[in-house]
file start36.cif (mmCIF, C-alpha atoms)
data_structure
#
loop_
_atom_site.label_atom_id
_atom_site.label_comp_id
_atom_site.auth_asym_id
_atom_site.auth_seq_id
_atom_site.Cartn_x
_atom_site.Cartn_y
_atom_site.Cartn_z
CA MET U 7 9.98 -33.62 18.50
CA ARG U 8 6.78 -33.08 20.42
CA VAL U 9 8.67 -31.03 23.00
CA ALA U 10 10.16 -28.90 20.22
CA THR U 11 6.72 -28.25 18.73
CA ALA U 12 5.24 -27.37 22.11
CA ASP U 13 8.12 -24.99 22.71
CA LEU U 14 7.64 -23.34 19.31
CA GLU U 15 3.92 -23.00 19.90
CA ALA U 16 4.58 -21.27 23.23
CA ARG U 17 7.03 -18.91 21.54
CA VAL U 18 4.47 -18.09 18.82
CA TRP U 19 1.86 -17.21 21.45
CA SER U 20 4.35 -14.93 23.20
CA ALA U 21 5.34 -13.34 19.90
CA LEU U 22 1.69 -12.65 19.03
CA ALA U 23 1.23 -11.10 22.47
CA GLU U 24 3.94 -8.57 21.53
CA ILE U 25 1.83 -7.21 18.66
CA ASP U 26 -0.51 -4.36 19.56
CA ASP U 27 -3.72 -3.66 17.72
CA PRO U 28 -2.99 -0.65 15.45
CA GLU U 29 -5.96 1.28 16.83
CA MET U 30 -6.08 0.36 20.51
CA PRO U 31 -3.45 -0.13 23.23
CA VAL U 32 -4.05 -3.87 23.60
CA ASN U 33 -2.23 -6.85 22.10
CA LEU U 34 -3.79 -9.31 19.65
CA VAL U 35 -3.90 -12.19 22.16
CA ASP U 36 -5.53 -10.17 24.95
CA LEU U 37 -7.97 -8.74 22.42
CA GLY U 38 -9.02 -12.33 21.67
CA LEU U 39 -8.35 -12.21 17.94
CA ILE U 40 -6.33 -15.44 17.83
CA TYR U 41 -8.62 -18.46 17.53
CA GLY U 42 -5.88 -21.06 17.30
CA LEU U 43 -2.45 -22.11 16.10
CA GLU U 44 -1.11 -25.10 14.24
CA VAL U 45 2.61 -25.48 14.36
CA GLY U 46 4.29 -27.81 11.88
CA GLU U 47 7.77 -28.37 10.50
CA GLY U 48 8.96 -24.78 9.96
CA THR U 49 5.42 -23.53 9.46
CA VAL U 50 2.75 -21.98 11.58
CA GLN U 51 -0.87 -21.54 10.73
CA VAL U 52 -2.67 -18.78 12.62
CA ARG U 53 -6.45 -18.71 12.81
CA LEU U 54 -7.37 -15.07 13.19
CA THR U 55 -10.51 -13.00 13.40
CA PHE U 56 -11.16 -9.26 13.48
CA THR U 57 -13.43 -7.30 15.78
CA ALA U 58 -15.51 -6.24 12.77
CA MET U 59 -15.77 -7.36 9.16
CA GLY U 60 -15.03 -3.79 8.17
CA CYS U 61 -11.92 -3.63 10.34
CA PRO U 62 -9.86 -0.86 8.73
CA ALA U 63 -6.65 -2.21 10.25
CA SER U 64 -7.00 -5.80 9.01
CA GLU U 65 -4.18 -5.54 6.47
CA MET U 66 -1.86 -3.97 9.04
CA ILE U 67 -2.63 -6.72 11.55
CA VAL U 68 -1.91 -9.46 8.99
CA ASP U 69 1.33 -7.72 7.95
CA ASP U 70 2.41 -7.35 11.58
CA ILE U 71 1.79 -11.05 12.30
CA ARG U 72 3.77 -12.17 9.25
CA GLU U 73 6.62 -9.80 9.96
CA ARG U 74 6.91 -10.80 13.64
CA LEU U 75 6.53 -14.56 13.22
CA ARG U 76 9.05 -14.72 10.39
CA ARG U 77 11.61 -13.35 12.84
CA GLU U 78 10.97 -16.31 15.16
CA PRO U 79 13.67 -19.02 14.84
CA GLY U 80 12.25 -22.22 13.38
CA ILE U 81 9.53 -20.55 11.31
CA ASP U 82 9.89 -20.16 7.56
CA ASP U 83 6.29 -20.00 6.53
CA VAL U 84 3.33 -18.19 8.08
CA VAL U 85 -0.16 -19.06 6.93
CA ILE U 86 -2.97 -16.85 8.12
CA GLU U 87 -6.54 -18.07 7.99
CA VAL U 88 -9.15 -15.39 8.67
CA VAL U 89 -12.24 -16.87 10.35
CA TRP U 90 -15.59 -15.30 11.26
CA ASP U 91 -17.24 -18.16 13.12
CA PRO U 92 -17.74 -17.71 16.00
CA PRO U 93 -17.95 -13.93 15.55
CA TRP U 94 -15.72 -11.87 17.83
CA SER U 95 -17.36 -10.25 20.82
CA SER U 96 -15.99 -8.51 23.89
CA ALA U 97 -16.47 -11.82 25.76
CA ARG U 98 -13.28 -12.95 24.00
CA LEU U 99 -11.14 -10.35 25.81
CA THR U 100 -8.77 -11.74 28.43
CA PRO U 101 -8.99 -10.08 31.86
CA GLN U 102 -5.80 -8.16 30.97
CA GLY U 103 -7.32 -7.07 27.67
CA ARG U 104 -10.48 -5.89 29.37
CA GLU U 105 -8.45 -3.93 31.89
CA ALA U 106 -6.32 -2.31 29.16
CA LEU U 107 -9.37 -1.19 27.19
CA GLN U 108 -11.16 0.07 30.28
CA ALA U 109 -8.09 2.05 31.28
CA TRP U 110 -8.14 3.57 27.82
CA GLY U 111 -11.76 4.63 28.27
CA LEU U 112 -13.71 1.94 26.42
CA ALA U 113 -16.76 0.48 28.14
CA VAL U 114 -16.20 -3.29 27.83
CA MET Q 25 -21.16 34.29 37.36
CA GLU Q 26 -18.69 37.08 36.61
CA PRO Q 27 -15.30 36.03 35.21
CA ASP Q 28 -12.65 35.76 37.85
CA SER Q 29 -10.38 38.73 38.27
CA SER Q 30 -7.37 38.33 36.00
CA GLY Q 31 -5.05 38.39 39.00
CA THR Q 32 -6.42 35.12 40.37
CA PHE Q 33 -6.60 33.70 36.87
CA ASP Q 34 -2.91 34.45 36.26
CA THR Q 35 -2.00 32.70 39.49
CA LEU Q 36 -3.96 29.60 38.46
CA LEU Q 37 -2.20 29.55 35.08
CA LYS Q 38 1.24 30.09 36.55
CA ARG Q 39 0.71 27.28 39.03
CA GLY Q 40 0.09 24.98 36.07
CA GLU Q 41 -3.49 24.28 37.07
CA LEU Q 42 -6.20 23.41 34.59
CA ILE Q 43 -8.99 25.80 33.71
CA GLU Q 44 -12.28 23.92 33.75
CA SER Q 45 -15.07 26.42 33.08
CA VAL Q 46 -15.90 29.75 31.46
CA ALA Q 47 -16.41 31.21 34.94
CA GLU Q 48 -12.69 30.84 35.63
CA MET Q 49 -11.55 32.50 32.39
CA THR Q 50 -10.68 36.06 31.48
CA PRO Q 51 -12.37 37.33 28.28
CA ASP Q 52 -8.96 37.35 26.52
CA TYR Q 53 -8.29 33.74 27.45
CA LEU Q 54 -11.74 32.71 26.25
CA ARG Q 55 -11.20 34.48 22.92
CA GLU Q 56 -7.79 32.88 22.37
CA LEU Q 57 -9.08 29.42 23.37
CA LYS Q 58 -11.99 29.71 20.94
CA HIS Q 59 -9.68 30.81 18.15
CA THR Q 60 -7.35 27.85 18.76
CA LEU Q 61 -10.30 25.42 18.86
CA ILE Q 62 -11.73 26.84 15.62
CA VAL Q 63 -8.41 26.30 13.82
CA SER Q 64 -8.30 22.73 15.15
CA GLY Q 65 -11.96 21.92 14.38
CA ASP Q 66 -11.79 23.44 10.89
CA THR Q 67 -8.60 21.51 10.12
CA GLU Q 68 -10.07 18.16 11.15
CA LEU Q 69 -13.38 18.88 9.44
CA ILE Q 70 -11.97 19.92 6.08
CA SER Q 71 -9.52 17.02 5.99
CA ALA Q 72 -12.59 14.76 5.63
CA PRO Q 73 -13.73 15.98 2.17
CA ALA Q 74 -10.10 16.55 1.12
CA TYR Q 75 -9.23 12.92 1.96
CA TYR Q 76 -12.52 11.55 0.68
CA LEU Q 77 -12.07 13.03 -2.79
CA ALA Q 78 -8.74 11.15 -3.00
CA ALA Q 79 -9.78 7.96 -1.13
CA ARG Q 80 -12.18 7.21 -3.98
CA LYS Q 81 -9.05 6.24 -5.94
CA ALA Q 82 -8.11 3.52 -3.43
CA PRO Q 83 -6.32 0.55 -5.04
CA SER Q 84 -8.28 -2.12 -3.13
CA VAL Q 85 -11.44 -2.60 -1.09
CA ASN Q 86 -9.32 -2.93 2.02
CA ALA Q 87 -7.38 0.25 1.28
CA PHE Q 88 -10.67 2.08 0.66
CA MET Q 89 -11.96 0.84 4.03
CA THR Q 90 -8.84 2.16 5.77
CA GLY Q 91 -9.23 5.50 3.97
CA ILE Q 92 -12.86 5.78 5.02
CA ALA Q 93 -12.03 4.87 8.63
CA ILE Q 94 -9.45 7.67 8.71
CA ILE Q 95 -12.06 10.10 7.39
CA GLN Q 96 -14.49 8.97 10.09
CA ASP Q 97 -11.80 9.61 12.71
CA GLU Q 98 -11.20 13.11 11.35
CA LEU Q 99 -14.91 13.93 11.55
CA ALA Q 100 -14.99 12.68 15.13
CA HIS Q 101 -11.98 14.84 16.01
CA ALA Q 102 -13.68 17.86 14.45
CA HIS Q 103 -16.77 17.07 16.49
CA ILE Q 104 -14.75 17.17 19.73
CA ALA Q 105 -13.47 20.68 18.96
CA TYR Q 106 -16.86 22.05 17.83
CA HIS Q 107 -18.60 20.43 20.79
CA ILE Q 108 -16.27 22.24 23.19
CA LEU Q 109 -16.86 25.47 21.25
CA GLU Q 110 -20.58 25.01 21.75
CA GLU Q 111 -20.04 24.63 25.50
CA LEU Q 112 -18.10 27.89 25.33
CA GLY Q 113 -21.11 29.60 23.81
CA GLU Q 114 -20.52 29.31 20.05
CA SER Q 115 -23.07 27.83 17.66
CA GLN Q 116 -21.82 24.74 15.87
CA GLU Q 117 -24.40 25.30 13.18
CA ALA Q 118 -23.20 28.82 12.52
CA LEU Q 119 -19.56 27.75 12.56
CA ILE Q 120 -19.87 24.88 10.11
CA PHE Q 121 -22.88 25.68 7.97
CA ARG Q 122 -23.26 29.43 7.91
CA ARG Q 123 -19.70 30.68 7.68
CA ASP Q 124 -18.21 32.05 4.50
CA PRO Q 125 -15.81 29.40 3.09
CA LYS Q 126 -12.99 31.95 3.12
CA ALA Q 127 -13.51 32.47 6.87
CA PHE Q 128 -12.53 28.86 7.66
CA ARG Q 129 -9.22 28.67 9.48
CA TYR Q 130 -7.69 25.36 8.34
CA PRO Q 131 -4.18 25.28 6.82
CA TYR Q 132 -3.87 26.38 3.22
CA ALA Q 133 -2.45 22.94 2.27
CA PHE Q 134 -5.95 21.41 2.27
CA ASP Q 135 -7.08 23.86 -0.41
CA VAL Q 136 -4.76 22.23 -2.91
CA PRO Q 137 -6.54 19.15 -4.31
CA LEU Q 138 -5.42 15.68 -3.32
CA GLU Q 139 -6.13 13.78 -6.51
CA SER Q 140 -4.76 10.26 -6.14
CA TRP Q 141 -4.23 7.48 -3.62
CA THR Q 142 -0.55 8.39 -3.63
CA GLU Q 143 -1.30 11.99 -2.67
CA LEU Q 144 -3.67 10.77 0.05
CA VAL Q 145 -1.07 8.54 1.68
CA VAL Q 146 1.56 11.30 1.49
CA ALA Q 147 -1.00 13.53 3.25
CA ASN Q 148 -1.37 10.82 5.92
CA ALA Q 149 2.43 10.69 6.29
CA MET Q 150 3.01 14.48 6.30
CA TYR Q 151 -0.20 16.42 7.06
CA ASP Q 152 -1.30 13.99 9.77
CA GLN Q 153 2.22 14.14 11.18
CA ALA Q 154 1.84 17.92 11.40
CA GLY Q 155 -1.50 17.44 13.15
CA PHE Q 156 0.16 14.93 15.46
CA CYS Q 157 2.89 17.44 16.45
CA LEU Q 158 0.41 20.29 16.99
CA LEU Q 159 -2.22 18.25 18.84
CA GLY Q 160 0.40 16.30 20.81
CA ASP Q 161 1.72 19.61 22.10
CA ILE Q 162 -1.79 20.78 23.03
CA HIS Q 163 -2.51 17.43 24.66
CA GLU Q 164 0.59 17.75 26.82
CA GLN Q 165 0.46 21.45 27.62
CA CYS Q 166 -3.07 22.75 27.21
CA SER Q 167 -4.39 24.64 30.23
CA TYR Q 168 -8.03 23.96 29.30
CA GLY Q 169 -8.97 20.65 30.97
CA PRO Q 170 -11.86 19.48 28.75
CA TRP Q 171 -9.79 19.81 25.58
CA LYS Q 172 -6.67 18.23 27.07
CA ARG Q 173 -8.69 15.17 28.12
CA GLY Q 174 -10.56 14.99 24.82
CA LEU Q 175 -7.27 14.61 22.98
CA VAL Q 176 -6.21 11.30 24.54
CA LYS Q 177 -8.03 9.20 21.96
CA VAL Q 178 -7.35 11.66 19.15
CA MET Q 179 -3.63 11.03 19.51
CA ALA Q 180 -4.06 7.25 19.31
CA GLU Q 181 -6.15 7.58 16.18
CA GLU Q 182 -3.74 9.98 14.50
CA ASN Q 183 -1.09 7.32 15.01
CA PHE Q 184 -3.15 4.94 12.90
CA HIS Q 185 -3.30 7.55 10.10
CA LEU Q 186 0.45 8.01 10.21
CA ARG Q 187 0.92 4.31 9.94
CA ASN Q 188 -1.29 4.12 6.86
CA GLY Q 189 0.73 6.94 5.32
CA ARG Q 190 4.06 5.39 6.08
CA ASN Q 191 3.14 1.81 5.11
CA TRP Q 192 1.80 2.89 1.76
CA SER Q 193 4.57 5.40 1.03
CA LYS Q 194 7.08 2.63 1.63
CA ARG Q 195 5.15 0.19 -0.51
CA ILE Q 196 4.81 2.67 -3.39
CA SER Q 197 8.50 3.54 -3.22
CA GLN Q 198 9.41 -0.16 -3.33
CA ALA Q 199 7.18 -0.62 -6.39
CA GLY Q 200 9.58 1.69 -8.26
CA GLY Q 201 9.06 3.03 -11.80
CA ALA Q 202 6.15 5.36 -12.49
CA ALA Q 203 4.58 4.68 -9.06
CA ARG Q 204 7.69 5.88 -7.28
CA GLU Q 205 7.99 8.95 -9.55
CA GLU Q 206 4.42 9.88 -8.68
CA LEU Q 207 5.28 9.53 -4.99
CA GLN Q 208 8.31 11.80 -5.40
CA ARG Q 209 6.20 14.40 -7.23
CA ALA Q 210 3.61 14.36 -4.45
CA VAL Q 211 6.31 14.84 -1.79
CA ASP Q 212 7.87 17.65 -3.88
CA TRP Q 213 4.79 19.86 -3.61
CA MET Q 214 3.39 18.66 -0.29
CA PHE Q 215 6.57 18.85 1.79
CA PRO Q 216 7.03 22.67 1.56
CA LEU Q 217 3.29 23.17 2.10
CA THR Q 218 3.54 21.28 5.39
CA VAL Q 219 6.68 23.17 6.44
CA GLU Q 220 4.65 26.34 5.94
CA TRP Q 221 1.74 24.89 7.98
CA PHE Q 222 3.47 25.77 11.29
CA GLY Q 223 3.25 29.47 10.49
CA LEU Q 224 5.51 32.47 10.89
CA PRO Q 225 9.06 31.80 12.05
CA ASP Q 226 9.73 32.72 15.67
CA ASN Q 227 11.91 35.73 14.75
CA LEU Q 228 8.90 37.35 13.05
CA LYS Q 229 6.39 36.30 15.68
CA GLN Q 230 7.55 38.05 18.82
CA HIS Q 231 4.57 37.36 20.96
CA SER Q 232 2.11 34.48 21.21
CA ALA Q 233 -1.00 34.68 23.35
CA GLN Q 234 -1.41 30.92 22.86
CA LEU Q 235 1.91 30.39 24.64
CA ASP Q 236 1.11 32.96 27.34
CA TYR Q 237 -2.14 31.16 28.11
CA ARG Q 238 -0.52 27.72 27.88
CA LEU Q 239 -2.95 26.72 25.15
CA LYS Q 240 0.15 25.24 23.57
CA GLY Q 241 3.68 24.75 24.82
CA LEU Q 242 6.01 24.86 21.82
CA THR Q 243 6.76 27.72 19.42
CA ASN Q 244 6.16 27.55 15.66
CA ASP Q 245 9.82 26.83 14.94
CA GLN Q 246 10.04 24.18 17.66
CA LEU Q 247 7.00 22.40 16.23
CA ARG Q 248 8.39 22.73 12.69
CA GLN Q 249 11.67 21.18 13.83
CA GLN Q 250 9.80 18.35 15.55
CA TRP Q 251 7.93 17.63 12.31
CA LEU Q 252 11.14 17.76 10.23
CA SER Q 253 12.86 15.41 12.66
CA THR Q 254 10.32 12.67 11.94
CA VAL Q 255 9.47 13.27 8.27
CA VAL Q 256 12.97 13.87 6.86
CA PRO Q 257 14.54 10.64 8.21
CA PHE Q 258 11.46 8.64 7.22
CA MET Q 259 11.42 9.88 3.63
CA GLU Q 260 15.17 9.33 3.35
CA SER Q 261 14.76 5.78 4.71
CA ILE Q 262 12.40 4.89 1.86
CA GLY Q 263 14.60 6.54 -0.78
CA ILE Q 264 12.49 9.66 -1.36
CA ASN Q 265 14.21 13.05 -1.62
CA VAL Q 266 13.18 15.96 0.56
CA PRO Q 267 14.58 19.50 0.38
CA ALA Q 268 15.96 19.55 3.94
CA HIS Q 269 18.89 18.05 5.82
CA ARG Q 270 20.15 17.66 9.35
CA GLU Q 271 22.86 19.95 10.68
CA ASP Q 272 23.96 18.96 14.18
CA SER Q 273 20.85 18.80 16.29
CA HIS Q 274 18.46 20.64 13.98
CA PHE Q 275 17.12 20.51 10.45
CA VAL Q 276 17.83 23.05 7.73
CA LEU Q 277 15.72 23.70 4.65
CA ASP Q 278 17.49 23.53 1.27
CA TYR Q 279 15.32 26.25 -0.28
CA PRO Q 280 14.41 29.84 0.47
CA PHE Q 281 11.67 29.93 3.09
CA PRO Q 282 9.17 31.22 2.16
CA CYS Q 283 9.00 31.10 -1.61
CA THR Q 284 6.32 31.21 -4.29
CA PHE Q 285 3.86 28.42 -5.00
CA ASP Q 286 1.69 27.84 -8.05
CA ALA Q 287 -1.38 26.03 -6.65
CA GLU Q 288 -2.84 25.17 -10.04
CA GLN Q 289 0.38 23.51 -11.20
CA LYS Q 290 1.22 22.24 -7.69
CA ARG Q 291 4.73 23.60 -8.15
CA TRP Q 292 7.15 25.55 -5.97
CA ASP Q 293 9.59 28.00 -7.46
CA PHE Q 294 12.66 27.68 -5.25
CA LYS Q 295 14.30 30.41 -7.36
CA ASP Q 296 11.63 32.91 -6.40
CA PRO Q 297 11.75 33.75 -2.68
CA CYS Q 298 8.88 35.83 -1.31
CA THR Q 299 7.93 37.52 1.95
CA TRP Q 300 5.65 36.29 4.71
CA ASP Q 301 3.22 39.04 3.73
CA ASP Q 302 2.95 37.34 0.33
CA VAL Q 303 2.30 33.99 2.03
CA LEU Q 304 -0.31 35.47 4.36
CA ALA Q 305 -2.03 37.06 1.36
CA ARG Q 306 -2.11 33.68 -0.44
CA TRP Q 307 -3.55 32.03 2.69
CA ARG Q 308 -6.21 34.71 3.10
CA ALA Q 309 -7.29 34.40 -0.54
CA ARG Q 310 -7.59 30.61 0.07
CA GLY Q 311 -6.74 28.00 -2.54
CA PRO Q 312 -8.44 26.18 -5.43
CA ARG Q 313 -10.63 23.76 -3.47
CA ASN Q 314 -11.81 25.91 -0.56
CA ALA Q 315 -15.31 26.75 -1.79
CA GLU Q 316 -15.95 23.26 -3.21
CA MET Q 317 -15.07 21.49 0.03
CA VAL Q 318 -16.97 23.80 2.36
CA GLY Q 319 -19.85 23.61 -0.14
CA LEU Q 320 -19.97 19.83 0.30
CA PHE Q 321 -21.14 20.39 3.87
CA GLN Q 322 -23.16 23.54 3.48
CA GLU Q 323 -25.22 22.72 0.38
CA SER Q 324 -27.08 19.72 1.79
CA PHE Q 325 -27.52 21.38 5.16
CA GLN Q 326 -29.37 24.27 3.53
CA ARG Q 327 -31.42 21.96 1.32
CA PHE Q 328 -32.80 19.94 4.23
CA GLN Q 329 -33.63 22.83 6.49
CA VAL Q 330 -37.24 22.72 7.63
CA ARG Q 331 -38.74 26.15 6.96
CA ALA Q 332 -41.14 27.45 9.56
#

call {"tool": "encode", "arguments": {"input": "start36.cif", "output": "structure tokens"}}
result
Amino acid sequence: MRVATADLEARVWSALAEIDDPEMPVNLVDLGLIYGLEVGEGTVQVRLTFTAMGCPASEMIVDDIRERLRREPGIDDVVIEVVWDPPWSSARLTPQGREALQAWGLAV
Amino acid sequence: MEPDSSGTFDTLLKRGELIESVAEMTPDYLRELKHTLIVSGDTELISAPAYYLAARKAPSVNAFMTGIAIIQDELAHAHIAYHILEELGESQEALIFRRDPKAFRYPYAFDVPLESWTELVVANAMYDQAGFCLLGDIHEQCSYGPWKRGLVKVMAEENFHLRNGRNWSKRISQAGGAAREELQRAVDWMFPLTVEWFGLPDNLKQHSAQLDYRLKGLTNDQLRQQWLSTVVPFMESIGINVPAHREDSHFVLDYPFPCTFDAEQKRWDFKDPCTWDDVLARWRARGPRNAEMVGLFQESFQRFQVRA
């Protein structure tokens, strides 16, 4: 059972890494928006933040996460918890995320 | 420095090289580049008040935020074009704040009021798609380096606008009933206005200096086809009718092009074909909201001028 959960959690992380931010060419994981996951029996809870409270793409990001994770075998229910503490900063970018944004012309 | 002789300039252009400064240009090239930039800057600038007047009707705080972010993008895109114009010797202040509203060069479509959230999202799905086709072509082909490079981010942001348009159009269509009827009505008047946006058909426009100078790469009809090839299948996929269909590899309009439009009623008369001279006369006269929208910028600017 534990193995199955660990496997599902790994698949959820990979699935989230397939979703690009709607405004920038970087995926949600490399952008550092995902604060954590809790995988249960057929459910996954995603703790998510946005780069700004006024993020104009927040609804699109939430829709994209739901749509993608529901396609993942073993997941029936997706719960998204939006968190603001700690606030997002560019320190949360992964090295790949930083590289992608720099290549795109953002100073990060 | 004197402009380069046109012989050398032609060689540069033909070799596909980028022009980087006024010193390299011929006077004709400079004039055509400025004209193209003014059309682009005016279009982005005026979309801001046009969208804002409709975004106020947003159905949620989040939707309003998205609408406002799109407007901010449009202003930034306008700024890029006017900034380059300034480097080419034009005055941004004169262009934006001292020009007669009728002298603005944005597409006629923006002069017809967008009055609801539904009309705004249809504009995002169709007008921004037109902008995407036109700017995408300039981004790929443009011989003027500073503009070509400035468009990299513009394209990414226009994508976001398209997505807002498509997501909401789909959602409104799925809601059905009166919401869906309103969506269909918006598409009915906005679709032919956007078809018109790309200008004279190629058989009437024999020569294009913009193409000669590689300011753009595709003809009016090629760009119109590109637009149709994205908008028609999308609208059909969400169950909304459009007056065009695919025939083999290209798209055909199901109405006489051009035909007459009643801007006050937002209604096309497909039974009343007209000539391109009629269309050009309508464009020149500008539409219902031209003076109001330009006034939004110009009024406050004049009011806060410090008098010597």

call {"tool": "resolve_selection", "arguments": {"input": "start36.cif", "expression": "the PyMOL selection byres ((chain Q) within 9 of (chain U))", "output": "ChimeraX atom specification"}}
result
/Q:86-94,176-177,180-181,183-184,187-188,191

call {"tool": "write_last_selection", "arguments": {"input": "start36.cif", "atoms": "C-alpha atoms", "output": "tab-separated table (two decimals), in the coordinates of the input"}}
result
chain	number	residue	atom	x	y	z
Q	86	ASN	CA	-9.32	-2.93	2.02
Q	87	ALA	CA	-7.38	0.25	1.28
Q	88	PHE	CA	-10.67	2.08	0.66
Q	89	MET	CA	-11.96	0.84	4.03
Q	90	THR	CA	-8.84	2.16	5.77
Q	91	GLY	CA	-9.23	5.50	3.97
Q	92	ILE	CA	-12.86	5.78	5.02
Q	93	ALA	CA	-12.03	4.87	8.63
Q	94	ILE	CA	-9.45	7.67	8.71
Q	176	VAL	CA	-6.21	11.30	24.54
Q	177	LYS	CA	-8.03	9.20	21.96
Q	180	ALA	CA	-4.06	7.25	19.31
Q	181	GLU	CA	-6.15	7.58	16.18
Q	183	ASN	CA	-1.09	7.32	15.01
Q	184	PHE	CA	-3.15	4.94	12.90
Q	187	ARG	CA	0.92	4.31	9.94
Q	188	ASN	CA	-1.29	4.12	6.86
Q	191	ASN	CA	3.14	1.81	5.11

call {"tool": "resolve_selection", "arguments": {"input": "start36.cif", "expression": "the PyMOL selection byres ((chain U and resi 38) around 12)", "output": "number ranges by chain"}}
result
U: 19, 22-23, 26-27, 32-37, 39-42, 53-57, 92-104

call {"tool": "residues_around", "arguments": {"input": "start36.cif", "residues": "range 249-266 of chain Q", "least_positions_apart": "3", "cutoff": "8 Å", "atoms": "only C-alpha atoms", "output": "PyMOL selection string"}}
result
chain Q and resi 149-150+153-154+157+193-194+197-198+208+211-212+215+219+245-246+269+274-275

call {"tool": "atom_distance", "arguments": {"input": "start36.cif", "atom1": "CA of Ala74 in chain Q", "atom2": "CA of Asp135 in chain Q"}}
result
8.1 Å

call {"tool": "closest_residue", "arguments": {"input": "start36.cif", "among": "Q:Leu144, Q:Leu247, Q:Lys229, Q:Leu61", "to": "Gln116 in chain Q", "atoms": "all atoms listed in the file"}}
result
Q:Leu61

call {"tool": "closest_residue", "arguments": {"input": "start36.cif", "among": "Q:Thr60, Q:Met179, Q:Ala79, Q:Leu159", "to": "Leu242 in chain Q", "atoms": "only C-alpha atoms"}}
result
Q:Leu159

call {"tool": "resolve_selection", "arguments": {"input": "start36.cif", "expression": "the PyMOL selection byres ((chain Q and resi 121) around 10)", "output": "PyMOL selection string"}}
result
chain Q and resi 115-120+122-125+318-319+321-326

call {"tool": "atom_distance", "arguments": {"input": "start36.cif", "atom1": "CA of Thr243 in chain Q", "atom2": "CA of His231 in chain Q"}}
result
10.0 Å

call {"tool": "residues_around", "arguments": {"input": "start36.cif", "residues": "range 81-90 of chain U", "least_positions_apart": "4", "cutoff": "9 Å", "atoms": "all atoms listed in the file", "output": "VMD selection string"}}
result
chain U and resid 14 41 46 to 56 59 68 71 to 72 75 to 77 94

call {"tool": "atom_distance", "arguments": {"input": "start36.cif", "atom1": "CA of Ala100 in chain Q", "atom2": "CA of Lys290 in chain Q"}}
result
29.6 Å

call {"tool": "residues_near_point", "arguments": {"input": "start36.cif", "point": "(-11.2, 21.6, 29.2)", "cutoff": "9 Å", "atoms": "only C-alpha atoms", "output": "list in words"}}
result
Leu42, Ile43, Glu44, Ser45, Ile108, Cys166, Ser167, Tyr168, Gly169, Pro170, Trp171, Lys172, Arg173 and Gly174 of chain Q
